[in-house]
Amino acid sequence: GVETAAELAEAGRHVTLVCGGVLGPSLHARGRRPVARRLAALGVRVLEGAGTRVTEVTRDAVRLADGRDVTGAVTVWTAGFRVPDLAARSGLTTDAHGRLVTDATLTSVDDDRVVAAGDAGVITGRPFRMSCQAAVQLGTGAADTVLRRIEGKSPAPVRLLFAGQCLSLGREAGVTQFSYLDDRVNALHLSGRPAAGVKEIACRSTLRQLVSGARKASSRAVRDDGSDPRRNVPA
(Lines give C-alpha, C1' and ligand atoms only; values in the text may rest on other atoms or scores of the structure.)
Protein backbone atom coordinates (compact mmCIF):
# COMPACT_ATOMS: atom_id res chain seq x y z
CA GLY A 1 0.00 0.00 0.00
CA VAL A 2 2.78 2.42 0.91
CA GLU A 3 4.72 1.63 -2.25
CA THR A 4 1.66 1.92 -4.49
CA ALA A 5 0.67 5.24 -2.94
CA ALA A 6 4.17 6.64 -3.51
CA GLU A 7 4.31 5.45 -7.13
CA LEU A 8 0.91 6.92 -7.99
CA ALA A 9 1.68 10.21 -6.26
CA GLU A 10 5.03 10.52 -8.01
CA ALA A 11 3.19 9.99 -11.30
CA GLY A 12 1.06 13.06 -10.50
CA ARG A 13 -2.05 11.42 -9.03
CA HIS A 14 -3.92 12.71 -6.00
CA VAL A 15 -3.62 9.89 -3.47
CA THR A 16 -5.13 9.19 -0.07
CA LEU A 17 -3.59 6.30 1.87
CA VAL A 18 -5.97 4.77 4.41
CA CYS A 19 -3.90 2.90 6.99
CA GLY A 20 -6.58 1.19 9.05
CA GLY A 21 -4.48 1.98 12.11
CA VAL A 22 -0.74 2.67 11.94
CA LEU A 23 1.27 3.66 8.88
CA GLY A 24 3.68 0.82 8.11
CA PRO A 25 2.85 -1.32 11.16
CA SER A 26 5.66 -3.81 10.44
CA LEU A 27 8.28 -1.04 10.65
CA HIS A 28 10.15 0.24 13.69
CA ALA A 29 8.96 3.66 14.88
CA ARG A 30 12.21 5.23 13.66
CA GLY A 31 11.92 3.58 10.26
CA ARG A 32 8.34 4.80 9.98
CA ARG A 33 9.34 8.48 10.21
CA PRO A 34 11.19 8.76 6.86
CA VAL A 35 8.28 6.92 5.20
CA ALA A 36 5.85 9.52 6.52
CA ARG A 37 8.16 12.37 5.43
CA ARG A 38 8.53 10.99 1.92
CA LEU A 39 4.80 10.45 1.48
CA ALA A 40 4.16 14.00 2.71
CA ALA A 41 6.71 15.34 0.22
CA LEU A 42 4.90 13.50 -2.57
CA GLY A 43 1.59 15.00 -1.49
CA VAL A 44 0.03 11.76 -0.22
CA ARG A 45 -2.77 12.32 2.27
CA VAL A 46 -2.25 9.74 5.02
CA LEU A 47 -5.17 8.71 7.23
CA GLU A 48 -4.10 6.74 10.29
CA GLY A 49 -5.13 6.18 13.88
CA ALA A 50 -8.35 5.08 15.50
CA GLY A 51 -11.35 4.98 13.20
CA THR A 52 -9.45 4.53 9.92
CA ARG A 53 -10.37 0.88 9.42
CA VAL A 54 -12.30 0.43 6.17
CA THR A 55 -15.83 -0.87 6.68
CA GLU A 56 -17.21 -0.52 3.17
CA VAL A 57 -16.09 0.21 -0.38
CA THR A 58 -18.61 1.77 -2.74
CA ARG A 59 -18.39 2.76 -6.39
CA ASP A 60 -16.86 6.15 -5.65
CA ALA A 61 -15.87 6.16 -1.98
CA VAL A 62 -14.35 4.25 0.94
CA ARG A 63 -16.24 4.35 4.24
CA LEU A 64 -14.24 4.33 7.47
CA ALA A 65 -15.11 2.99 10.92
CA ASP A 66 -15.54 6.54 12.27
CA GLY A 67 -18.22 7.25 9.64
CA ARG A 68 -16.14 9.30 7.23
CA ASP A 69 -16.43 8.74 3.48
CA VAL A 70 -13.21 9.13 1.47
CA THR A 71 -14.17 9.80 -2.13
CA GLY A 72 -12.07 8.78 -5.10
CA ALA A 73 -12.23 7.73 -8.75
CA VAL A 74 -10.25 4.53 -8.11
CA THR A 75 -9.79 2.38 -5.01
CA VAL A 76 -6.70 0.18 -4.82
CA TRP A 77 -7.14 -2.50 -2.17
CA THR A 78 -3.81 -3.46 -0.53
CA ALA A 79 -4.96 -5.30 2.57
CA GLY A 80 -2.23 -7.95 2.71
CA PHE A 81 -2.30 -11.71 2.42
CA ARG A 82 -4.96 -14.34 3.00
CA VAL A 83 -4.19 -18.02 3.38
CA PRO A 84 -5.88 -20.38 0.88
CA ASP A 85 -8.45 -22.63 2.55
CA LEU A 86 -7.06 -25.89 1.14
CA ALA A 87 -5.23 -26.83 4.35
CA ALA A 88 -8.20 -26.02 6.57
CA ARG A 89 -10.48 -28.12 4.35
CA SER A 90 -8.05 -31.05 4.33
CA GLY A 91 -8.71 -31.96 7.96
CA LEU A 92 -5.01 -31.61 8.82
CA THR A 93 -3.89 -29.45 11.75
CA THR A 94 -3.87 -25.71 10.95
CA ASP A 95 -3.27 -22.55 12.97
CA ALA A 96 -5.74 -19.72 13.59
CA HIS A 97 -4.98 -18.27 10.13
CA GLY A 98 -5.57 -21.57 8.31
CA ARG A 99 -1.91 -22.34 7.68
CA LEU A 100 -0.86 -25.99 7.73
CA VAL A 101 1.14 -26.72 10.91
CA THR A 102 4.47 -28.45 10.23
CA ASP A 103 7.59 -29.53 12.09
CA ALA A 104 10.99 -27.93 11.47
CA THR A 105 11.41 -29.90 8.22
CA LEU A 106 8.15 -28.43 6.82
CA THR A 107 6.44 -31.81 7.16
CA SER A 108 2.82 -31.87 8.36
CA VAL A 109 2.54 -32.81 12.03
CA ASP A 110 -0.24 -35.22 11.01
CA ASP A 111 1.13 -36.91 7.89
CA ASP A 112 4.77 -37.26 6.82
CA ARG A 113 3.68 -37.52 3.19
CA VAL A 114 2.57 -33.87 3.24
CA VAL A 115 5.09 -31.02 2.98
CA ALA A 116 4.07 -27.36 3.12
CA ALA A 117 5.99 -24.25 2.11
CA GLY A 118 5.33 -20.57 1.71
CA ASP A 119 2.32 -18.69 3.04
CA ALA A 120 0.20 -21.85 3.29
CA GLY A 121 2.28 -23.40 6.09
CA VAL A 122 3.72 -22.51 9.50
CA ILE A 123 6.41 -24.20 11.58
CA THR A 124 5.29 -25.18 15.08
CA GLY A 125 6.30 -22.47 17.55
CA ARG A 126 8.00 -20.36 14.87
CA PRO A 127 5.48 -18.08 13.17
CA PHE A 128 6.98 -16.07 10.33
CA ARG A 129 5.89 -13.06 8.36
CA MET A 130 4.37 -13.73 4.95
CA SER A 131 7.05 -12.40 2.62
CA CYS A 132 9.24 -13.24 -0.35
CA GLN A 133 12.11 -13.44 2.13
CA ALA A 134 10.44 -16.36 3.90
CA ALA A 135 9.04 -17.92 0.73
CA VAL A 136 12.41 -18.25 -1.00
CA GLN A 137 13.91 -20.06 1.99
CA LEU A 138 10.84 -22.23 2.54
CA GLY A 139 10.63 -23.23 -1.11
CA THR A 140 14.17 -24.58 -1.23
CA GLY A 141 13.73 -26.11 2.22
CA ALA A 142 10.61 -27.99 1.13
CA ALA A 143 12.36 -29.25 -2.00
CA ASP A 144 15.26 -30.47 0.11
CA THR A 145 12.90 -32.31 2.49
CA VAL A 146 11.12 -34.05 -0.39
CA LEU A 147 14.34 -35.07 -2.11
CA ARG A 148 15.89 -36.38 1.10
CA ARG A 149 12.83 -38.56 1.73
CA ILE A 150 13.01 -39.88 -1.84
CA GLU A 151 16.66 -40.79 -1.22
CA GLY A 152 15.73 -42.57 2.03
CA LYS A 153 17.45 -39.96 4.21
CA SER A 154 16.13 -37.99 7.19
CA PRO A 155 15.24 -34.41 6.23
CA ALA A 156 17.11 -31.58 7.92
CA PRO A 157 15.40 -28.76 9.86
CA VAL A 158 14.87 -25.58 7.87
CA ARG A 159 16.65 -22.55 9.26
CA LEU A 160 14.96 -19.24 8.49
CA LEU A 161 17.15 -16.12 8.60
CA PHE A 162 15.81 -12.62 7.99
CA ALA A 163 17.60 -9.37 7.18
CA GLY A 164 14.85 -6.77 7.13
CA GLN A 165 12.31 -5.10 4.87
CA CYS A 166 12.77 -2.89 1.80
CA LEU A 167 10.26 -0.27 0.67
CA SER A 168 10.29 1.69 -2.57
CA LEU A 169 8.94 5.21 -2.20
CA GLY A 170 8.80 6.24 -5.83
CA ARG A 171 11.68 5.94 -8.28
CA GLU A 172 14.20 8.01 -6.33
CA ALA A 173 13.77 7.06 -2.68
CA GLY A 174 13.03 4.25 -0.31
CA VAL A 175 13.41 2.94 3.23
CA THR A 176 15.32 -0.15 4.27
CA GLN A 177 14.25 -1.43 7.68
CA PHE A 178 16.81 -3.80 9.19
CA SER A 179 15.89 -6.62 11.56
CA TYR A 180 17.39 -9.25 13.80
CA LEU A 181 17.80 -12.73 12.29
CA ASP A 182 14.44 -13.78 13.77
CA ASP A 183 12.69 -10.94 11.85
CA ARG A 184 12.19 -8.65 14.85
CA VAL A 185 12.76 -5.12 13.52
CA ASN A 186 15.31 -2.82 15.14
CA ALA A 187 15.98 0.91 15.00
CA LEU A 188 18.59 0.62 12.23
CA HIS A 189 17.41 1.82 8.84
CA LEU A 190 18.42 3.55 5.62
CA SER A 191 16.35 6.12 3.77
CA GLY A 192 16.42 8.16 0.58
CA ARG A 193 18.27 7.17 -2.59
CA PRO A 194 20.61 4.62 -0.91
CA ALA A 195 17.56 2.69 0.34
CA ALA A 196 16.08 2.70 -3.16
CA GLY A 197 19.30 1.09 -4.35
CA VAL A 198 19.04 -1.59 -1.65
CA LYS A 199 15.48 -2.38 -2.75
CA GLU A 200 16.67 -2.85 -6.34
CA ILE A 201 19.44 -5.17 -5.17
CA ALA A 202 16.92 -7.14 -3.07
CA CYS A 203 14.61 -7.63 -6.04
CA ARG A 204 17.44 -8.85 -8.25
CA SER A 205 18.88 -11.14 -5.57
CA THR A 206 15.46 -12.73 -4.99
CA LEU A 207 15.34 -13.79 -8.62
CA ARG A 208 18.90 -15.13 -8.43
CA GLN A 209 18.00 -17.09 -5.27
CA LEU A 210 15.05 -18.73 -6.99
CA VAL A 211 17.18 -19.76 -9.96
CA SER A 212 19.99 -20.98 -7.71
CA GLY A 213 17.62 -22.93 -5.47
CA ALA A 214 16.05 -24.67 -8.43
CA ARG A 215 19.47 -25.68 -9.76
CA LYS A 216 20.61 -27.00 -6.38
CA ALA A 217 17.42 -29.00 -5.91
CA SER A 218 17.77 -30.43 -9.41
CA SER A 219 21.40 -31.44 -8.85
CA ARG A 220 20.54 -33.14 -5.54
CA ALA A 221 17.95 -35.27 -7.29
CA VAL A 222 20.52 -37.23 -9.27
CA ARG A 223 21.98 -40.22 -7.43
CA ASP A 224 25.63 -41.14 -7.54
CA ASP A 225 24.86 -43.91 -10.04
CA GLY A 226 23.39 -41.34 -12.41
CA SER A 227 19.75 -42.38 -11.95
CA ASP A 228 17.07 -39.81 -11.27
CA PRO A 229 14.85 -40.70 -8.25
CA ARG A 230 12.22 -38.21 -9.36
CA ARG A 231 11.16 -40.53 -12.18
CA ASN A 232 9.51 -42.78 -9.63
CA VAL A 233 7.60 -40.03 -7.88
CA PRO A 234 3.82 -40.11 -8.55
CA ALA A 235 2.30 -36.88 -9.85
# chains A, B, ... in the order shown; residues from 1 in each chain; ligands from 1
call {"tool": "residues_around", "arguments": {"residues": "Ala163 (chain A)", "least_positions_apart": "6", "cutoff": "8 Å", "atoms": "only C-alpha atoms", "output": "list in words"}}
result
Phe178, Ser179, Tyr180, Leu181 and Asp183 of chain A
call {"tool": "residues_around", "arguments": {"residues": "region 120-131 of chain A", "least_positions_apart": "3", "cutoff": "6 Å", "atoms": "only C-alpha atoms", "output": "PyMOL selection string"}}
result
chain A and resi 83+99-104+116-117+134
call {"tool": "closest_residue", "arguments": {"among": "A:Gly192, A:Leu210, A:Leu8, A:Phe81", "to": "Leu138 (chain A)", "atoms": "only C-alpha atoms"}}
result
A:Leu210
call {"tool": "residues_around", "arguments": {"residues": "Ala156 (chain A)", "least_positions_apart": "3", "cutoff": "9 Å", "atoms": "only C-alpha atoms", "output": "PDB file with N, CA and C atoms, in the first residue's frame"}}
result
ATOM      1  N   ALA A 104       9.889 -28.763  11.969  1.00  0.00           N
ATOM      2  CA  ALA A 104      10.986 -27.932  11.468  1.00  0.00           C
ATOM      3  C   ALA A 104      11.456 -28.317  10.076  1.00  0.00           C
ATOM      4  N   THR A 105      11.033 -29.498   9.579  1.00  0.00           N
ATOM      5  CA  THR A 105      11.409 -29.904   8.223  1.00  0.00           C
ATOM      6  C   THR A 105      10.320 -29.558   7.206  1.00  0.00           C
ATOM      7  N   GLY A 141      13.759 -25.191   1.092  1.00  0.00           N
ATOM      8  CA  GLY A 141      13.732 -26.114   2.221  1.00  0.00           C
ATOM      9  C   GLY A 141      12.771 -27.268   1.986  1.00  0.00           C
ATOM     10  N   ASP A 144      14.230 -29.659  -0.505  1.00  0.00           N
ATOM     11  CA  ASP A 144      15.263 -30.472   0.114  1.00  0.00           C
ATOM     12  C   ASP A 144      14.652 -31.600   0.949  1.00  0.00           C
ATOM     13  N   THR A 145      13.582 -31.287   1.682  1.00  0.00           N
ATOM     14  CA  THR A 145      12.900 -32.311   2.488  1.00  0.00           C
ATOM     15  C   THR A 145      12.357 -33.435   1.607  1.00  0.00           C
ATOM     16  N   ARG A 148      15.253 -35.523   0.096  1.00  0.00           N
ATOM     17  CA  ARG A 148      15.893 -36.380   1.105  1.00  0.00           C
ATOM     18  C   ARG A 148      15.028 -37.609   1.398  1.00  0.00           C
TER      19      ARG A 148
END
call {"tool": "residues_around", "arguments": {"residues": "Val57 (chain A)", "least_positions_apart": "5", "cutoff": "10 Å", "atoms": "only C-alpha atoms", "output": "list in words"}}
result
Val62, Arg63, Leu64, Asp69, Val70, Thr71, Thr75 and Trp77 of chain A
call {"tool": "select_by_dssp", "arguments": {"residues": "region 115-183 of chain A", "states": "alpha helix (DSSP H)", "output": "list in words"}}
result
Cys132, Gln133, Ala134, Ala135, Val136, Gln137, Leu138, Gly139, Thr140, Gly141, Ala142, Ala143, Asp144, Thr145, Val146, Leu147, Arg148, Arg149 and Ile150 of chain A
call {"tool": "residues_around", "arguments": {"residues": "region 40-43 of chain A", "least_positions_apart": "5", "cutoff": "8 Å", "atoms": "only C-alpha atoms", "output": "list in words"}}
result
Ala6, Ala9, Glu10, His14 and Val15 of chain A
